[in-house]
>>> print(open('entry_36.txt').read())   # compact mmCIF, C-alpha atoms
# COMPACT_ATOMS: atom_id res chain seq x y z
CA MET J 1 -26.89 34.11 324.13
CA PRO J 2 -23.39 35.34 325.11
CA SER J 3 -22.52 38.98 324.54
CA THR J 4 -19.24 38.06 322.85
CA PRO J 5 -18.72 35.22 320.36
CA SER J 6 -17.30 31.96 321.68
CA LEU J 7 -13.82 30.94 320.61
CA THR J 8 -15.39 28.11 318.62
CA THR J 9 -17.58 30.58 316.74
CA THR J 10 -14.54 32.71 315.90
CA GLU J 11 -12.58 29.69 314.69
CA ILE J 12 -15.48 28.43 312.59
CA ALA J 13 -15.58 31.78 310.78
CA THR J 14 -11.92 31.51 309.70
CA GLN J 15 -12.39 28.34 307.66
CA PRO J 16 -12.67 29.98 304.21
CA GLU J 17 -9.26 31.62 304.71
CA CYS J 18 -7.75 28.42 306.12
CA TRP J 19 -8.86 26.40 303.10
CA GLN J 20 -7.38 28.94 300.73
CA ARG J 21 -4.06 28.67 302.57
CA ALA J 22 -4.22 24.87 302.36
CA ALA J 23 -4.21 24.78 298.55
CA PRO J 24 -0.65 26.10 297.96
CA LEU J 25 0.59 24.15 300.99
CA ALA J 26 -0.63 20.92 299.38
CA ALA J 27 1.59 21.65 296.40
CA ALA J 28 4.57 22.66 298.55
CA GLU J 29 4.31 19.51 300.71
CA ALA J 30 3.35 17.10 297.91
CA ALA J 31 6.45 14.93 298.39
CA LYS J 32 5.31 14.07 301.91
CA LEU J 33 1.76 13.10 300.93
CA PRO J 34 0.55 9.83 299.37
CA LYS J 35 1.58 9.27 295.78
CA ASP J 36 -0.74 8.01 293.07
CA GLY J 37 -0.86 4.23 293.07
CA GLU J 38 0.29 3.77 296.66
CA ARG J 39 -1.83 1.53 298.84
CA ILE J 40 -2.35 3.57 301.98
CA ALA J 41 -4.16 3.66 305.29
CA VAL J 42 -5.32 6.79 307.09
CA ILE J 43 -5.65 6.83 310.87
CA GLY J 44 -6.99 9.25 313.44
CA CYS J 45 -9.20 9.49 316.51
CA GLY J 46 -12.63 11.09 316.77
CA THR J 47 -12.97 13.96 314.32
CA SER J 48 -9.67 13.08 312.64
CA TRP J 49 -10.92 9.55 311.99
CA PHE J 50 -14.01 10.92 310.25
CA MET J 51 -11.85 13.16 308.05
CA ALA J 52 -9.78 10.05 307.29
CA GLN J 53 -12.94 8.28 306.14
CA SER J 54 -13.87 11.12 303.80
CA TYR J 55 -10.39 11.33 302.32
CA ALA J 56 -10.18 7.56 301.84
CA ALA J 57 -13.42 7.55 299.87
CA LEU J 58 -12.34 10.54 297.75
CA ARG J 59 -8.93 9.04 296.98
CA GLU J 60 -10.31 5.70 295.89
CA GLN J 61 -13.15 7.24 293.89
CA GLY J 62 -10.61 9.41 292.10
CA GLY J 63 -8.56 6.37 291.08
CA HIS J 64 -5.49 7.38 293.10
CA GLY J 65 -5.05 4.04 294.86
CA GLU J 66 -6.52 1.72 297.48
CA THR J 67 -7.19 3.66 300.65
CA ASP J 68 -8.46 2.44 304.00
CA ALA J 69 -9.40 4.48 307.08
CA PHE J 70 -9.15 3.27 310.66
CA ALA J 71 -9.53 4.56 314.16
CA ALA J 72 -5.91 4.54 315.32
CA SER J 73 -6.68 2.04 318.07
CA GLU J 74 -8.06 -0.41 315.49
CA PHE J 75 -5.24 -0.32 312.95
CA PRO J 76 -4.55 -3.81 311.49
CA PHE J 77 -0.77 -4.03 311.84
CA GLY J 78 -0.61 -7.32 309.93
CA ARG J 79 -1.92 -5.72 306.75
CA GLY J 80 0.50 -4.36 304.16
CA TYR J 81 0.52 -0.70 303.10
CA ASP J 82 2.91 1.51 301.17
CA ARG J 83 2.26 4.46 303.49
CA VAL J 84 0.22 5.38 306.53
CA LEU J 85 -1.21 8.87 306.93
CA ALA J 86 -1.95 9.98 310.49
CA ILE J 87 -4.19 12.96 311.24
CA THR J 88 -3.78 14.43 314.72
CA ARG J 89 -4.52 18.03 315.67
CA SER J 90 -2.67 17.93 318.98
CA GLY J 91 0.20 15.66 318.00
CA THR J 92 -0.12 14.05 321.44
CA THR J 93 -2.97 11.55 321.07
CA THR J 94 -1.81 8.29 322.62
CA GLU J 95 -3.37 5.87 320.14
CA VAL J 96 -1.88 7.72 317.16
CA LEU J 97 1.59 7.90 318.72
CA ARG J 98 1.51 4.21 319.61
CA ALA J 99 0.59 3.33 316.04
CA CYS J 100 3.44 5.48 314.72
CA GLU J 101 5.87 3.76 317.08
CA ARG J 102 4.81 0.28 315.95
CA LEU J 103 5.07 1.27 312.29
CA SER J 104 8.49 2.89 312.64
CA GLY J 105 10.97 1.24 310.28
CA VAL J 106 8.19 -0.87 308.74
CA VAL J 107 6.00 1.54 306.80
CA PRO J 108 6.58 5.25 306.09
CA VAL J 109 4.24 7.42 308.17
CA THR J 110 3.19 10.96 307.28
CA ALA J 111 1.41 12.99 309.95
CA ILE J 112 -0.79 16.05 309.54
CA THR J 113 -0.85 18.10 312.73
CA ALA J 114 -1.48 21.60 314.02
CA ASP J 115 1.28 21.80 316.64
CA PRO J 116 4.94 21.58 315.59
CA LYS J 117 6.11 21.23 319.20
CA THR J 118 4.60 17.83 319.96
CA PRO J 119 5.81 14.20 319.94
CA VAL J 120 4.33 13.38 316.53
CA MET J 121 7.05 15.51 314.94
CA THR J 122 9.58 12.76 315.69
CA ALA J 123 7.19 9.81 315.80
CA ALA J 124 6.31 10.18 312.10
CA ASP J 125 8.71 10.05 309.16
CA ASP J 126 7.23 13.16 307.54
CA VAL J 127 4.99 15.87 308.96
CA VAL J 128 2.75 18.50 307.38
CA VAL J 129 2.01 21.29 309.86
CA LEU J 130 -1.23 23.29 309.71
CA ASP J 131 -0.34 25.64 312.55
CA PHE J 132 -2.49 28.39 311.02
CA ALA J 133 -5.53 26.15 311.55
CA ASP J 134 -4.77 25.24 315.18
CA GLU J 135 -7.52 25.86 317.70
CA GLY J 136 -7.94 27.06 321.25
CA SER J 137 -11.30 25.35 321.59
CA VAL J 138 -11.51 21.74 322.73
CA VAL J 139 -14.00 21.08 319.93
CA GLN J 140 -12.37 20.62 316.52
CA THR J 141 -13.69 22.64 313.59
CA ARG J 142 -11.21 24.44 311.36
CA PHE J 143 -8.25 22.06 311.76
CA ALA J 144 -10.28 19.07 310.64
CA THR J 145 -11.81 20.74 307.61
CA THR J 146 -8.49 22.34 306.65
CA ALA J 147 -6.75 18.96 306.79
CA LEU J 148 -9.40 17.54 304.46
CA ALA J 149 -9.17 20.61 302.22
CA LEU J 150 -5.40 20.10 301.99
CA LEU J 151 -5.88 16.48 301.01
CA ARG J 152 -8.57 17.38 298.47
CA ALA J 153 -6.18 19.89 296.90
CA HIS J 154 -3.49 17.20 296.77
CA LEU J 155 -5.95 14.99 294.86
CA GLY J 156 -6.39 17.76 292.31
CA ASP J 157 -9.53 19.52 293.58
CA ASP J 158 -9.76 23.26 293.01
CA LEU J 159 -10.57 24.79 296.41
CA ASP J 160 -11.76 28.16 295.10
CA ALA J 161 -15.42 27.16 294.86
CA PRO J 162 -15.49 25.22 298.17
CA ALA J 163 -13.82 28.16 299.95
CA ALA J 164 -16.37 30.55 298.45
CA ASP J 165 -19.15 28.23 299.62
CA ALA J 166 -17.54 28.18 303.07
CA GLY J 167 -17.82 31.95 303.15
CA ARG J 168 -21.52 31.66 302.42
CA ALA J 169 -21.96 28.96 305.07
CA VAL J 170 -20.33 31.13 307.75
CA THR J 171 -22.89 33.91 307.38
CA ALA J 172 -26.05 32.25 306.01
CA GLU J 173 -29.17 31.82 308.12
CA LEU J 174 -29.43 28.33 309.57
CA PRO J 175 -32.14 26.13 308.03
CA GLU J 176 -35.65 26.74 309.30
CA GLY J 177 -36.76 24.65 312.24
CA VAL J 178 -33.40 23.15 313.20
CA LEU J 179 -32.72 25.15 316.37
CA THR J 180 -35.77 23.74 318.09
CA ALA J 181 -35.47 20.15 316.86
CA ASP J 182 -35.10 17.46 319.50
CA GLN J 183 -33.25 14.87 317.40
CA PHE J 184 -30.93 14.87 314.35
CA THR J 185 -30.02 12.15 311.88
CA PHE J 186 -27.08 13.01 309.59
CA LEU J 187 -26.65 11.11 306.33
CA GLY J 188 -24.03 10.98 303.60
CA THR J 189 -22.94 8.94 300.59
CA GLY J 190 -19.37 8.05 299.66
CA TRP J 191 -17.00 10.70 300.98
CA THR J 192 -19.80 12.68 302.59
CA TYR J 193 -20.60 9.86 305.02
CA GLY J 194 -17.50 10.90 306.99
CA LEU J 195 -18.92 14.43 307.10
CA ALA J 196 -22.22 13.07 308.43
CA GLN J 197 -20.32 11.24 311.16
CA GLU J 198 -18.47 14.42 312.06
CA ALA J 199 -21.63 16.56 312.11
CA ALA J 200 -23.23 14.15 314.56
CA LEU J 201 -20.12 14.18 316.74
CA LYS J 202 -20.06 18.00 316.83
CA MET J 203 -23.68 18.08 317.96
CA ARG J 204 -23.01 15.56 320.72
CA GLU J 205 -19.79 17.23 321.87
CA ALA J 206 -20.80 20.87 321.91
CA ALA J 207 -24.55 20.67 322.45
CA GLY J 208 -25.15 17.32 324.15
CA ALA J 209 -27.75 16.71 321.44
CA TRP J 210 -29.34 13.42 320.43
CA THR J 211 -27.74 12.70 317.07
CA GLU J 212 -27.13 9.71 314.83
CA SER J 213 -25.32 9.23 311.51
CA TYR J 214 -25.57 6.66 308.73
CA PRO J 215 -24.83 6.07 305.06
CA ALA J 216 -27.78 7.66 303.27
CA MET J 217 -29.06 4.46 301.69
CA GLU J 218 -29.10 2.78 305.12
CA TYR J 219 -31.66 5.28 306.39
CA ARG J 220 -34.60 3.12 305.34
CA HIS J 221 -33.10 0.07 307.07
CA GLY J 222 -34.04 1.11 310.60
CA PRO J 223 -32.97 4.72 311.26
CA ILE J 224 -36.18 6.07 309.71
CA SER J 225 -38.00 4.65 312.72
CA ILE J 226 -36.65 7.47 314.92
CA THR J 227 -37.73 10.29 312.60
CA GLY J 228 -40.94 12.19 313.27
CA PRO J 229 -42.32 15.67 313.94
CA GLY J 230 -39.74 17.92 315.56
CA ARG J 231 -36.85 15.81 314.28
CA VAL J 232 -34.37 16.58 311.50
CA VAL J 233 -32.77 14.51 308.75
CA TRP J 234 -29.74 16.34 307.34
CA VAL J 235 -28.18 14.99 304.14
CA PHE J 236 -24.68 15.94 302.98
CA GLY J 237 -24.23 15.87 299.22
CA ALA J 238 -26.52 14.07 296.81
CA LEU J 239 -30.02 13.20 298.02
CA PRO J 240 -30.99 9.60 297.17
CA ASP J 241 -34.12 9.20 295.07
CA GLY J 242 -37.25 8.96 297.15
CA LEU J 243 -35.63 9.87 300.46
CA ALA J 244 -37.30 13.28 300.67
CA ASP J 245 -40.71 11.60 300.34
CA ASP J 246 -39.75 9.06 303.01
CA VAL J 247 -38.81 11.79 305.49
CA ALA J 248 -41.96 13.76 304.73
CA SER J 249 -44.17 10.70 305.14
CA VAL J 250 -43.13 10.31 308.79
CA GLY J 251 -43.29 14.03 309.59
CA GLY J 252 -39.56 14.77 309.70
CA ARG J 253 -37.79 17.97 308.66
CA LEU J 254 -35.36 17.46 305.76
CA VAL J 255 -32.22 19.56 305.32
CA ALA J 256 -30.65 18.63 301.99
CA GLY J 257 -27.55 20.07 300.40
CA SER J 258 -27.91 18.22 297.10
CA THR J 259 -24.95 19.05 294.87
CA THR J 260 -27.22 18.93 291.81
CA GLU J 261 -29.33 21.91 292.84
CA PRO J 262 -28.49 25.52 291.88
CA GLY J 263 -26.82 27.36 294.73
CA ALA J 264 -26.03 24.17 296.66
CA LEU J 265 -23.05 24.28 299.00
CA ASP J 266 -20.00 22.09 298.65
CA PRO J 267 -20.57 19.31 301.22
CA LEU J 268 -17.51 20.32 303.25
CA ALA J 269 -18.90 23.86 303.41
CA ASP J 270 -22.25 22.46 304.47
CA LEU J 271 -20.47 20.94 307.48
CA ILE J 272 -19.82 24.50 308.64
CA ARG J 273 -23.57 25.02 308.99
CA ALA J 274 -23.75 21.96 311.23
CA GLN J 275 -20.85 23.29 313.31
CA ARG J 276 -22.66 26.60 313.74
CA LEU J 277 -25.85 24.78 314.68
CA ALA J 278 -24.01 22.83 317.39
CA VAL J 279 -22.71 26.07 318.89
CA ALA J 280 -26.11 27.76 318.69
CA ILE J 281 -27.85 24.89 320.47
CA ALA J 282 -25.10 24.69 323.10
CA GLU J 283 -25.46 28.38 323.87
CA SER J 284 -29.26 28.14 323.99
CA LYS J 285 -28.82 25.53 326.73
CA GLY J 286 -26.30 27.63 328.64
CA TYR J 287 -23.37 25.36 327.75
CA ASP J 288 -19.84 26.54 326.96
CA PRO J 289 -19.15 25.27 323.41
CA ASP J 290 -15.41 25.88 323.85
CA ARG J 291 -15.18 23.49 326.80
CA PRO J 292 -17.73 20.71 326.51
CA ARG J 293 -18.24 18.43 329.47
CA ASN J 294 -16.13 15.30 329.86
CA LEU J 295 -13.75 16.28 327.03
CA THR J 296 -10.16 17.52 326.76
CA ARG J 297 -8.18 18.82 323.78
CA SER J 298 -6.28 15.53 323.48
CA VAL J 299 -6.64 12.05 324.94
CA VAL J 300 -3.33 11.18 326.56
CA LEU J 301 -3.33 7.79 328.28
CA SER J 302 -0.97 6.76 331.06
>>> encode(input="entry_36.txt", output="structure tokens")
Amino acid sequence: MPSTPSLTTTEIATQPECWQRAAPLAAAEAAKLPKDGERIAVIGCGTSWFMAQSYAALREQGGHGETDAFAASEFPFGRGYDRVLAITRSGTTTEVLRACERLSGVVPVTAITADPKTPVMTAADDVVVLDFADEGSVVQTRFATTALALLRAHLGDDLDAPAADAGRAVTAELPEGVLTADQFTFLGTGWTYGLAQEAALKMREAAGAWTESYPAMEYRHGPISITGPGRVVWVFGALPDGLADDVASVGGRLVAGSTTEPGALDPLADLIRAQRLAVAIAESKGYDPDRPRNLTRSVVLS
């Protein structure tokens, strides 16, 4: 283990404060964000795409309007929307900028970014800047969760309890048996499926770990075949009936953050535990979690 915390570890620990700062910003920037009843699409790449998925599910479930989420490279330009929301930490990601350019003058685009000195500031019609949540690490943690916290606040969620849960997640002991597991399957339902996707990505990026992610009810339709002794099934949010028994029957280790149990973490706060696990496993392997192999802060194509 390193003698000093990694940059990623330090940034992970600031998430409770970042979420608390996002709540008043959501109110201050409300005119730039999707209005109730608008039919919108949310785009991003990698982590930002997974946050887009979670927000889309939350917005539709809350009755705020039809909401789709796409990887920026897969946006269906022939489909009609009232607004497009682009999430991009760097503000330089090629696929996002190209989508903004094609949509210019056709559909209003709002971008959420961390860097106010990047091309997205002029590529989008409106921009919400989360510069206080920007990161030095290649791996995204606090920007992504703060963007989703901002959007949750805009939908009317009170962030006090999630931020308090985030504080608990930053310091709590990691679940028993996860540090030595050799495979992880992350599951979610509704908006937490995007969190499951992101948890799996963090584990692959930082730790080079064998991870998969699925909607929770899809687990029995094939993914259960990979579970066994020494392997973890981690569920964000509500635990489907019977799933705990299914995991136990094949010898897997279940980590469940069911929102119906006393003391359960908000699912977004539970993602912090997965981020910390990714860093811990990376460091146990001698990897640098701040600079994972084959990755850069932003994908900029020629």
>>> atom_distance(input="entry_36.txt", atom1="atom CA of Gln53 of chain J", atom2="atom CA of Gly252 of chain J")
27.6 Å
>>> residues_around(input="entry_36.txt", residues="Arg253 of chain J", least_positions_apart="2", cutoff="7 Å", atoms="all atoms listed in the file", output="PyMOL selection string")
chain J and resi 231-233+251+255
>>> residues_around(input="entry_36.txt", residues="Val279 of chain J", least_positions_apart="4", cutoff="7 Å", atoms="all atoms listed in the file", output="list in words")
Ala206, Ala207, Gln275, Glu283 and Pro289 of chain J
>>> atom_distance(input="entry_36.txt", atom1="atom CA of Ala27 of chain J", atom2="atom CA of Leu150 of chain J")
9.1 Å
>>> residues_around(input="entry_36.txt", residues="Gln183 of chain J", least_positions_apart="5", cutoff="9 Å", atoms="only C-alpha atoms", output="PDB file with C-alpha atoms, keeping the file's coordinate frame")
ATOM      1  CA  ALA J 209     -27.750  16.710 321.440  1.00  0.00           C
ATOM      2  CA  TRP J 210     -29.340  13.420 320.430  1.00  0.00           C
ATOM      3  CA  THR J 211     -27.740  12.700 317.070  1.00  0.00           C
ATOM      4  CA  GLU J 212     -27.130   9.710 314.830  1.00  0.00           C
ATOM      5  CA  ILE J 226     -36.650   7.470 314.920  1.00  0.00           C
ATOM      6  CA  THR J 227     -37.730  10.290 312.600  1.00  0.00           C
ATOM      7  CA  GLY J 230     -39.740  17.920 315.560  1.00  0.00           C
ATOM      8  CA  ARG J 231     -36.850  15.810 314.280  1.00  0.00           C
ATOM      9  CA  VAL J 232     -34.370  16.580 311.500  1.00  0.00           C
ATOM     10  CA  VAL J 233     -32.770  14.510 308.750  1.00  0.00           C
TER      11      VAL J 233
END
>>> residues_around(input="entry_36.txt", residues="Ala72 of chain J", least_positions_apart="5", cutoff="9 Å", atoms="only C-alpha atoms", output="list in words")
Val42, Ile43, Gly44, Cys45, Trp49, Ala86, Glu95, Val96, Leu97, Arg98 and Ala99 of chain J
>>> residues_around(input="entry_36.txt", residues="Gly190 of chain J", least_positions_apart="6", cutoff="10 Å", atoms="only C-alpha atoms", output="NGL selection string")
:J and (53-58 or 61 or 215-216 or 237-238)
>>> closest_residue(input="entry_36.txt", among="J:Phe50, J:Trp191, J:Trp19, J:Phe186", to="Phe132 of chain J", atoms="all atoms listed in the file")
J:Trp19
>>> closest_residue(input="entry_36.txt", among="J:Glu173, J:Asp68, J:Asp158, J:Asp126", to="Ala111 of chain J", atoms="all atoms listed in the file")
J:Asp126
>>> atom_distance(input="entry_36.txt", atom1="atom CA of Leu201 of chain J", atom2="atom CA of Thr14 of chain J")
20.4 Å
>>> closest_residue(input="entry_36.txt", among="J:Pro162, J:Pro24, J:Pro16, J:Gly63", to="Ala133 of chain J", atoms="all atoms listed in the file")
J:Pro16
>>> closest_residue(input="entry_36.txt", among="J:Val235, J:Val120, J:Ala278, J:Val129", to="Tyr193 of chain J", atoms="all atoms listed in the file")
J:Val235
>>> closest_residue(input="entry_36.txt", among="J:Arg220, J:Ala41, J:Ala147, J:Pro292", to="Val109 of chain J", atoms="only C-alpha atoms")
J:Ala41
>>> closest_residue(input="entry_36.txt", among="J:Thr9, J:Gln15, J:Thr4, J:Ser104", to="Leu148 of chain J", atoms="all atoms listed in the file")
J:Gln15
